[in-house]
$ cat coords_22.pdb   # PDB, C-alpha atoms
ATOM      1  CA  MET A  17       9.048  95.117-104.611  1.00  0.00           C
ATOM      2  CA  ARG A  18       6.880  92.115-103.802  1.00  0.00           C
ATOM      3  CA  ILE A  19       7.637  89.420-101.249  1.00  0.00           C
ATOM      4  CA  PHE A  20       6.190  85.917-101.572  1.00  0.00           C
ATOM      5  CA  VAL A  21       6.303  83.255 -98.853  1.00  0.00           C
ATOM      6  CA  SER A  22       5.131  79.656 -99.160  1.00  0.00           C
ATOM      7  CA  PRO A  23       4.712  77.178 -96.277  1.00  0.00           C
ATOM      8  CA  THR A  24       6.552  73.903 -96.825  1.00  0.00           C
ATOM      9  CA  GLY A  25       4.421  71.842 -94.437  1.00  0.00           C
ATOM     10  CA  THR A  26       5.406  69.768 -91.435  1.00  0.00           C
ATOM     11  CA  GLU A  27       7.498  67.205 -93.337  1.00  0.00           C
ATOM     12  CA  LYS A  28      11.234  67.554 -92.812  1.00  0.00           C
ATOM     13  CA  LEU A  29      12.808  68.588 -96.126  1.00  0.00           C
ATOM     14  CA  SER A  30      16.433  68.370 -97.197  1.00  0.00           C
ATOM     15  CA  HIS A  31      18.373  71.501 -98.154  1.00  0.00           C
ATOM     16  CA  ALA A  32      18.049  70.541-101.833  1.00  0.00           C
ATOM     17  CA  GLU A  33      14.271  70.090-101.510  1.00  0.00           C
ATOM     18  CA  GLN A  34      13.903  73.451 -99.776  1.00  0.00           C
ATOM     19  CA  SER A  35      16.029  74.994-102.531  1.00  0.00           C
ATOM     20  CA  ALA A  36      13.830  73.434-105.202  1.00  0.00           C
ATOM     21  CA  LEU A  37      10.714  74.889-103.582  1.00  0.00           C
ATOM     22  CA  ALA A  38      12.381  78.315-103.253  1.00  0.00           C
ATOM     23  CA  TYR A  39      13.206  78.226-106.953  1.00  0.00           C
ATOM     24  CA  LEU A  40       9.624  77.246-107.811  1.00  0.00           C
ATOM     25  CA  LEU A  41       8.432  80.170-105.716  1.00  0.00           C
ATOM     26  CA  LEU A  42      10.796  82.481-107.617  1.00  0.00           C
ATOM     27  CA  ASP A  43       9.313  81.215-110.894  1.00  0.00           C
ATOM     28  CA  TYR A  44       5.857  81.899-109.475  1.00  0.00           C
ATOM     29  CA  ALA A  45       6.841  85.395-108.279  1.00  0.00           C
ATOM     30  CA  VAL A  46       8.312  86.389-111.637  1.00  0.00           C
ATOM     31  CA  GLY A  47       5.185  85.137-113.349  1.00  0.00           C
ATOM     32  CA  GLN A  48       2.963  87.151-111.030  1.00  0.00           C
ATOM     33  CA  VAL A  49       4.961  90.362-111.381  1.00  0.00           C
ATOM     34  CA  TRP A  50       6.223  90.250-114.986  1.00  0.00           C
ATOM     35  CA  GLY A  51       4.115  87.527-116.608  1.00  0.00           C
ATOM     36  CA  GLU A  52       7.143  85.418-117.623  1.00  0.00           C
ATOM     37  CA  LYS A  53       9.393  82.612-116.448  1.00  0.00           C
ATOM     38  CA  CYS A  54      12.376  83.744-114.395  1.00  0.00           C
ATOM     39  CA  GLY A  55      14.885  82.896-117.131  1.00  0.00           C
ATOM     40  CA  GLU A  56      18.597  82.181-116.838  1.00  0.00           C
ATOM     41  CA  ILE A  57      20.416  82.890-113.578  1.00  0.00           C
ATOM     42  CA  ALA A  58      24.169  83.441-113.206  1.00  0.00           C
ATOM     43  CA  HIS A  59      26.385  84.553-110.322  1.00  0.00           C
ATOM     44  CA  THR A  60      28.793  87.392-109.737  1.00  0.00           C
ATOM     45  CA  GLU A  61      32.372  86.638-108.679  1.00  0.00           C
ATOM     46  CA  ALA A  62      31.197  87.139-105.091  1.00  0.00           C
ATOM     47  CA  GLY A  63      28.490  84.510-105.603  1.00  0.00           C
ATOM     48  CA  LYS A  64      25.460  86.791-105.798  1.00  0.00           C
ATOM     49  CA  PRO A  65      22.828  85.439-108.211  1.00  0.00           C
ATOM     50  CA  PHE A  66      21.231  87.629-110.874  1.00  0.00           C
ATOM     51  CA  PHE A  67      18.983  87.378-113.906  1.00  0.00           C
ATOM     52  CA  VAL A  68      21.144  87.209-117.032  1.00  0.00           C
ATOM     53  CA  GLY A  69      20.556  90.128-119.390  1.00  0.00           C
ATOM     54  CA  ARG A  70      17.925  91.753-117.153  1.00  0.00           C
ATOM     55  CA  GLY A  71      19.363  94.784-115.410  1.00  0.00           C
ATOM     56  CA  ASP A  72      15.832  95.881-114.587  1.00  0.00           C
ATOM     57  CA  ARG A  73      14.918  92.783-112.525  1.00  0.00           C
ATOM     58  CA  PHE A  74      16.322  91.660-109.199  1.00  0.00           C
ATOM     59  CA  PHE A  75      15.516  88.938-106.704  1.00  0.00           C
ATOM     60  CA  SER A  76      16.441  87.377-103.393  1.00  0.00           C
ATOM     61  CA  ILE A  77      15.398  83.942-102.147  1.00  0.00           C
ATOM     62  CA  SER A  78      15.638  82.268 -98.765  1.00  0.00           C
ATOM     63  CA  HIS A  79      14.378  79.254 -96.865  1.00  0.00           C
ATOM     64  CA  THR A  80      14.033  78.159 -93.272  1.00  0.00           C
ATOM     65  CA  GLU A  81      12.254  75.389 -91.435  1.00  0.00           C
ATOM     66  CA  GLY A  82       8.635  75.489 -92.592  1.00  0.00           C
ATOM     67  CA  TYR A  83       8.858  78.247 -95.226  1.00  0.00           C
ATOM     68  CA  VAL A  84      10.497  79.405 -98.458  1.00  0.00           C
ATOM     69  CA  LEU A  85      10.677  83.024 -99.614  1.00  0.00           C
ATOM     70  CA  ALA A  86      11.192  84.896-102.883  1.00  0.00           C
ATOM     71  CA  ALA A  87      11.387  88.677-103.219  1.00  0.00           C
ATOM     72  CA  VAL A  88      11.402  90.357-106.641  1.00  0.00           C
ATOM     73  CA  SER A  89      11.922  94.009-107.494  1.00  0.00           C
ATOM     74  CA  PRO A  90      12.915  96.417-110.288  1.00  0.00           C
ATOM     75  CA  HIS A  91      15.693  97.510-107.892  1.00  0.00           C
ATOM     76  CA  PRO A  92      18.373  95.525-106.026  1.00  0.00           C
ATOM     77  CA  VAL A  93      16.859  93.657-103.084  1.00  0.00           C
ATOM     78  CA  GLY A  94      17.935  91.394-100.242  1.00  0.00           C
ATOM     79  CA  ALA A  95      15.437  89.321 -98.271  1.00  0.00           C
ATOM     80  CA  ASP A  96      15.527  86.678 -95.566  1.00  0.00           C
ATOM     81  CA  ILE A  97      13.306  84.480 -93.426  1.00  0.00           C
ATOM     82  CA  GLN A  98      14.334  82.943 -90.088  1.00  0.00           C
ATOM     83  CA  ALA A  99      12.308  80.446 -88.060  1.00  0.00           C
ATOM     84  CA  TYR A 100      12.758  80.625 -84.314  1.00  0.00           C
ATOM     85  CA  ARG A 101      14.807  77.835 -82.773  1.00  0.00           C
ATOM     86  CA  THR A 102      16.412  77.181 -79.413  1.00  0.00           C
ATOM     87  CA  VAL A 103      19.761  78.891 -78.838  1.00  0.00           C
ATOM     88  CA  SER A 104      21.853  79.419 -75.737  1.00  0.00           C
ATOM     89  CA  ALA A 105      21.738  82.644 -73.763  1.00  0.00           C
ATOM     90  CA  ALA A 106      25.485  82.948 -74.269  1.00  0.00           C
ATOM     91  CA  LEU A 107      25.102  82.914 -78.066  1.00  0.00           C
ATOM     92  CA  GLU A 108      22.323  85.472 -77.898  1.00  0.00           C
ATOM     93  CA  THR A 109      24.535  87.729 -75.780  1.00  0.00           C
ATOM     94  CA  ARG A 110      27.398  87.433 -78.285  1.00  0.00           C
ATOM     95  CA  LEU A 111      25.198  88.268 -81.284  1.00  0.00           C
ATOM     96  CA  LEU A 112      23.134  91.154 -79.897  1.00  0.00           C
ATOM     97  CA  HIS A 113      25.260  94.268 -79.384  1.00  0.00           C
ATOM     98  CA  THR A 114      22.831  97.104 -78.702  1.00  0.00           C
ATOM     99  CA  ASP A 115      19.627  97.790 -76.805  1.00  0.00           C
ATOM    100  CA  PHE A 116      17.866  98.195 -80.146  1.00  0.00           C
ATOM    101  CA  GLU A 117      18.937  94.724 -81.276  1.00  0.00           C
ATOM    102  CA  ARG A 118      17.932  93.189 -77.961  1.00  0.00           C
ATOM    103  CA  GLU A 119      14.542  94.848 -78.294  1.00  0.00           C
ATOM    104  CA  LEU A 120      14.177  93.495 -81.852  1.00  0.00           C
ATOM    105  CA  GLY A 121      15.071  89.951 -80.823  1.00  0.00           C
ATOM    106  CA  LEU A 122      17.775  87.548 -81.953  1.00  0.00           C
ATOM    107  CA  PHE A 123      16.125  86.110 -85.064  1.00  0.00           C
ATOM    108  CA  GLU A 124      14.696  89.450 -86.143  1.00  0.00           C
ATOM    109  CA  THR A 125      18.181  90.962 -85.845  1.00  0.00           C
ATOM    110  CA  PHE A 126      19.881  88.112 -87.671  1.00  0.00           C
ATOM    111  CA  SER A 127      17.276  88.173 -90.455  1.00  0.00           C
ATOM    112  CA  ALA A 128      17.779  91.917 -90.940  1.00  0.00           C
ATOM    113  CA  ARG A 129      21.546  91.450 -91.075  1.00  0.00           C
ATOM    114  CA  GLU A 130      21.111  88.685 -93.648  1.00  0.00           C
ATOM    115  CA  SER A 131      18.897  90.876 -95.825  1.00  0.00           C
ATOM    116  CA  ILE A 132      21.333  93.784 -95.700  1.00  0.00           C
ATOM    117  CA  PHE A 133      24.282  91.497 -96.467  1.00  0.00           C
ATOM    118  CA  LYS A 134      22.429  89.893 -99.376  1.00  0.00           C
ATOM    119  CA  LEU A 135      21.735  93.356-100.764  1.00  0.00           C
ATOM    120  CA  THR A 136      25.197  94.883-100.441  1.00  0.00           C
ATOM    121  CA  GLY A 137      27.621  92.007 -99.850  1.00  0.00           C
ATOM    122  CA  ARG A 138      29.173  94.052 -97.040  1.00  0.00           C
ATOM    123  CA  GLY A 139      29.335  93.669 -93.297  1.00  0.00           C
ATOM    124  CA  SER A 140      29.512  90.797 -90.832  1.00  0.00           C
ATOM    125  CA  LEU A 141      26.471  88.726 -89.902  1.00  0.00           C
ATOM    126  CA  ARG A 142      27.848  88.482 -86.360  1.00  0.00           C
ATOM    127  CA  ARG A 143      29.105  92.029 -85.850  1.00  0.00           C
ATOM    128  CA  MET A 144      26.822  94.234 -87.980  1.00  0.00           C
ATOM    129  CA  ARG A 145      25.165  96.812 -85.725  1.00  0.00           C
ATOM    130  CA  LEU A 146      21.563  97.705 -86.472  1.00  0.00           C
ATOM    131  CA  MET A 147      19.809 100.950 -85.659  1.00  0.00           C
ATOM    132  CA  PRO A 148      16.330 102.393 -86.199  1.00  0.00           C
ATOM    133  CA  GLN A 149      15.617 104.491 -89.288  1.00  0.00           C
ATOM    134  CA  GLY A 150      12.096 105.849 -88.883  1.00  0.00           C
ATOM    135  CA  GLU A 151       9.797 102.853 -89.264  1.00  0.00           C
ATOM    136  CA  ASN A 152      12.631 100.904 -90.882  1.00  0.00           C
ATOM    137  CA  ILE A 153      15.967  99.444 -89.786  1.00  0.00           C
ATOM    138  CA  THR A 154      19.449 100.236 -91.086  1.00  0.00           C
ATOM    139  CA  ALA A 155      23.050  99.245 -90.377  1.00  0.00           C
ATOM    140  CA  ALA A 156      25.283 101.724 -88.572  1.00  0.00           C
ATOM    141  CA  GLU A 157      27.942 101.529 -91.293  1.00  0.00           C
ATOM    142  CA  GLN A 158      25.504 101.262 -94.241  1.00  0.00           C
ATOM    143  CA  GLN A 159      22.915 103.921 -93.548  1.00  0.00           C
ATOM    144  CA  GLU A 160      22.032 104.229 -97.225  1.00  0.00           C
ATOM    145  CA  VAL A 161      20.262 100.884 -96.770  1.00  0.00           C
ATOM    146  CA  LYS A 162      16.761 100.573 -95.416  1.00  0.00           C
ATOM    147  CA  CYS A 163      15.376  97.311 -94.081  1.00  0.00           C
ATOM    148  CA  ARG A 164      11.786  96.404 -93.197  1.00  0.00           C
ATOM    149  CA  LEU A 165      10.700  93.760 -90.690  1.00  0.00           C
ATOM    150  CA  TYR A 166       7.511  91.813 -91.408  1.00  0.00           C
ATOM    151  CA  PRO A 167       6.321  90.011 -88.247  1.00  0.00           C
ATOM    152  CA  ALA A 168       3.271  88.493 -89.952  1.00  0.00           C
ATOM    153  CA  LEU A 169       4.288  84.847 -89.494  1.00  0.00           C
ATOM    154  CA  PRO A 170       4.257  83.296 -86.007  1.00  0.00           C
ATOM    155  CA  ARG A 171       7.801  82.822 -84.661  1.00  0.00           C
ATOM    156  CA  CYS A 172       9.263  83.400 -88.119  1.00  0.00           C
ATOM    157  CA  PRO A 173      10.364  86.979 -88.960  1.00  0.00           C
ATOM    158  CA  VAL A 174      10.698  88.102 -92.575  1.00  0.00           C
ATOM    159  CA  THR A 175      12.905  91.028 -93.586  1.00  0.00           C
ATOM    160  CA  ALA A 176      13.705  92.814 -96.834  1.00  0.00           C
ATOM    161  CA  ALA A 177      16.360  95.438 -97.623  1.00  0.00           C
ATOM    162  CA  CYS A 178      16.843  97.945-100.455  1.00  0.00           C
ATOM    163  CA  THR A 179      18.361 101.329-101.215  1.00  0.00           C
ATOM    164  CA  GLU A 180      15.609 102.537-103.527  1.00  0.00           C
ATOM    165  CA  GLY A 181      11.986 101.800-104.215  1.00  0.00           C
ATOM    166  CA  ALA A 182       9.192 101.178-101.730  1.00  0.00           C
ATOM    167  CA  PHE A 183       8.489  98.242 -99.461  1.00  0.00           C
ATOM    168  CA  PRO A 184       5.205  96.371 -99.970  1.00  0.00           C
ATOM    169  CA  PRO A 185       2.702  96.820 -97.150  1.00  0.00           C
ATOM    170  CA  GLU A 186       2.642  93.077 -96.492  1.00  0.00           C
ATOM    171  CA  ILE A 187       4.037  89.753 -97.624  1.00  0.00           C
ATOM    172  CA  GLU A 188       2.027  87.488 -99.936  1.00  0.00           C
ATOM    173  CA  ILE A 189       1.370  83.911 -98.817  1.00  0.00           C
ATOM    174  CA  VAL A 190       1.346  81.289-101.602  1.00  0.00           C
ATOM    175  CA  PRO A 191      -0.027  77.812-100.774  1.00  0.00           C
ATOM    176  CA  GLN A 192       2.461  75.065-101.551  1.00  0.00           C
ATOM    177  CA  ALA A 193      -0.178  73.386-103.727  1.00  0.00           C
ATOM    178  CA  GLU A 194       0.032  76.300-106.176  1.00  0.00           C
ATOM    179  CA  LEU A 195       3.765  75.713-106.613  1.00  0.00           C
ATOM    180  CA  LEU A 196       3.453  71.958-107.044  1.00  0.00           C
ATOM    181  CA  CYS A 197       0.503  71.974-109.442  1.00  0.00           C
ATOM    182  CA  VAL A 198       1.452  71.737-113.136  1.00  0.00           C
ATOM    183  CA  THR A 199      -1.232  71.408-115.831  1.00  0.00           C
ATOM    184  CA  GLY A 200      -3.684  70.252-113.202  1.00  0.00           C
ATOM    185  CA  THR A 201      -1.438  67.483-111.833  1.00  0.00           C
ATOM    186  CA  GLN A 202      -0.175  67.631-108.253  1.00  0.00           C
ATOM    187  CA  ARG A 203       3.544  66.873-107.870  1.00  0.00           C
ATOM    188  CA  ASP A 204       5.330  65.464-104.844  1.00  0.00           C
ATOM    189  CA  ILE A 205       8.157  67.649-103.536  1.00  0.00           C
ATOM    190  CA  LYS A 206      10.446  64.591-103.612  1.00  0.00           C
ATOM    191  CA  THR A 207      10.083  64.333-107.409  1.00  0.00           C
ATOM    192  CA  ILE A 208      10.801  67.957-108.341  1.00  0.00           C
ATOM    193  CA  PRO A 209      13.970  68.237-110.448  1.00  0.00           C
ATOM    194  CA  HIS A 210      16.378  70.293-108.387  1.00  0.00           C
ATOM    195  CA  LYS A 211      18.054  73.243-110.083  1.00  0.00           C
ATOM    196  CA  THR A 212      21.344  71.791-108.744  1.00  0.00           C
ATOM    197  CA  LYS A 213      24.056  74.371-108.188  1.00  0.00           C
ATOM    198  CA  THR A 214      22.168  77.331-109.659  1.00  0.00           C
ATOM    199  CA  CYS A 215      19.379  76.939-107.147  1.00  0.00           C
ATOM    200  CA  ILE A 216      21.410  75.868-104.155  1.00  0.00           C
ATOM    201  CA  GLU A 217      24.036  78.588-104.501  1.00  0.00           C
ATOM    202  CA  ALA A 218      21.310  81.212-104.694  1.00  0.00           C
ATOM    203  CA  GLN A 219      20.304  80.381-101.130  1.00  0.00           C
ATOM    204  CA  LYS A 220      23.521  81.990 -99.876  1.00  0.00           C
ATOM    205  CA  TRP A 221      22.196  85.394-100.845  1.00  0.00           C
TER     206      TRP A 221
END

$ encode --input "coords_22.pdb" --output "structure tokens"
Amino acid sequence: MRIFVSPTGTEKLSHAEQSALAYLLLDYAVGQVWGEKCGEIAHTEAGKPFFVGRGDRFFSISHTEGYVLAAVSPHPVGADIQAYRTVSAALETRLLHTDFERELGLFETFSARESIFKLTGRGSLRRMRLMPQGENITAAEQQEVKCRLYPALPRCPVTAACTEGAFPPEIEIVPQAELLCVTGTQRDIKTIPHKTKTCIEAQKW
């Protein structure tokens, strides 16, 4: 598994623009790991995206304010990134059920739940109960899953989940300029052709 994160800058981007950057980062990640373009993507009946005809390649993409993320692996993977934002104490109380989750923090907990859900398609993002598993995290009702928290970014936790394979020791930061540069020409994010539904739907997982 390798996890790539790219800053999107201070400019406010639309959901479609964030999705376009996440898809560019996935292209970049596949190129770095397998030396190819990412190829055709389809979706399961549940909406989970996958590489068509490549049962040996898996991915998960995500975006939040200020960052996009792409994780790639030879095994099934779920990954998420969550920027801190202001929430009410009442909401935090409703979403954090255990001392372990309160110790992790709201956005760390929610990111881990997202990653586990993206991996398995099971559980509730509001009610899933997390617990420690050595240096990793797992869900009380899905203990075959292991999840790793990467606190490398300020106020923006990154998590990844899998059932097999190893976690990378750290995430890899990719400057946005590397994603927007094609044949030596710098593109503006506003002019990138969006991957329409294929790209946008992938953000749900």

$ residues_around --input "coords_22.pdb" --residues "A:Met147" --least-positions-apart "6" --cutoff "7 Å" --atoms "all atoms listed in the file" --output "number ranges by chain"
A: 116, 153-156

$ closest_residue --input "coords_22.pdb" --among "A:Glu180, A:Ala86, A:Ser140, A:Ile97" --to "A:Leu165" --atoms "all atoms listed in the file"
A:Ile97

$ residues_around --input "coords_22.pdb" --residues "A:Ala128" --least-positions-apart "2" --cutoff "12 Å" --atoms "all atoms listed in the file" --output "VMD selection string"
chain A and resid 94 to 98 117 120 to 126 130 to 135 139 to 142 144 to 148 152 to 155 161 to 167 173 to 178

$ resolve_selection --input "coords_22.pdb" --expression "the PyMOL selection byres ((chain A and resi 84) around 6)" --output "PDB file with C-alpha atoms, keeping the file's coordinate frame"
ATOM      1  CA  VAL A  21       6.303  83.255 -98.853  1.00  0.00           C
ATOM      2  CA  SER A  22       5.131  79.656 -99.160  1.00  0.00           C
ATOM      3  CA  ALA A  38      12.381  78.315-103.253  1.00  0.00           C
ATOM      4  CA  SER A  78      15.638  82.268 -98.765  1.00  0.00           C
ATOM      5  CA  HIS A  79      14.378  79.254 -96.865  1.00  0.00           C
ATOM      6  CA  TYR A  83       8.858  78.247 -95.226  1.00  0.00           C
ATOM      7  CA  LEU A  85      10.677  83.024 -99.614  1.00  0.00           C
TER       8      LEU A  85
END

$ resolve_selection --input "coords_22.pdb" --expression "the PyMOL selection byres ((chain A and resi 57) around 6)" --output "MDAnalysis selection string"
chainID A and resid 56 58 66:68

$ residues_around --input "coords_22.pdb" --residues "A:Val46" --least-positions-apart "3" --cutoff "12 Å" --atoms "all atoms listed in the file" --output "PyMOL selection string"
chain A and resi 17-20+39-43+49-55+67+73-76+86-90

$ closest_residue --input "coords_22.pdb" --among "A:Lys28, A:Glu81, A:Glu160, A:Tyr44" --to "A:Glu194" --atoms "all atoms listed in the file"
A:Tyr44

$ residues_near_point --input "coords_22.pdb" --point "(3.8, 79.8, -100.6)" --cutoff "6 Å" --atoms "only C-alpha atoms" --output "short mmCIF file (atom, residue, chain, number, x, y, z; two decimals) with C-alpha atoms, in the frame of the given file"
data_model
loop_
_atom_site.label_atom_id
_atom_site.label_comp_id
_atom_site.auth_asym_id
_atom_site.auth_seq_id
_atom_site.Cartn_x
_atom_site.Cartn_y
_atom_site.Cartn_z
CA VAL A 21 6.30 83.26 -98.85
CA SER A 22 5.13 79.66 -99.16
CA PRO A 23 4.71 77.18 -96.28
CA ILE A 189 1.37 83.91 -98.82
CA VAL A 190 1.35 81.29 -101.60
CA PRO A 191 -0.03 77.81 -100.77
CA GLN A 192 2.46 75.06 -101.55
#

$ atom_distance --input "coords_22.pdb" --atom1 "atom CA of A:Arg110" --atom2 "atom CA of A:Arg143"
9.0 Å

$ closest_residue --input "coords_22.pdb" --among "A:Ala62, A:Ala106, A:Leu111, A:Ala32" --to "A:Thr136" --atoms "only C-alpha atoms"
A:Ala62

$ atom_distance --input "coords_22.pdb" --atom1 "atom CA of A:Pro184" --atom2 "atom CA of A:Arg138"
24.3 Å

$ atom_distance --input "coords_22.pdb" --atom1 "atom CA of A:Glu27" --atom2 "atom CA of A:Ser127"
23.3 Å

$ closest_residue --input "coords_22.pdb" --among "A:Gln149, A:Thr114, A:Gln159, A:Thr80" --to "A:Ser35" --atoms "all atoms listed in the file"
A:Thr80

$ closest_residue --input "coords_22.pdb" --among "A:Leu37, A:Arg171, A:Asp115, A:His31" --to "A:Ala193" --atoms "all atoms listed in the file"
A:Leu37
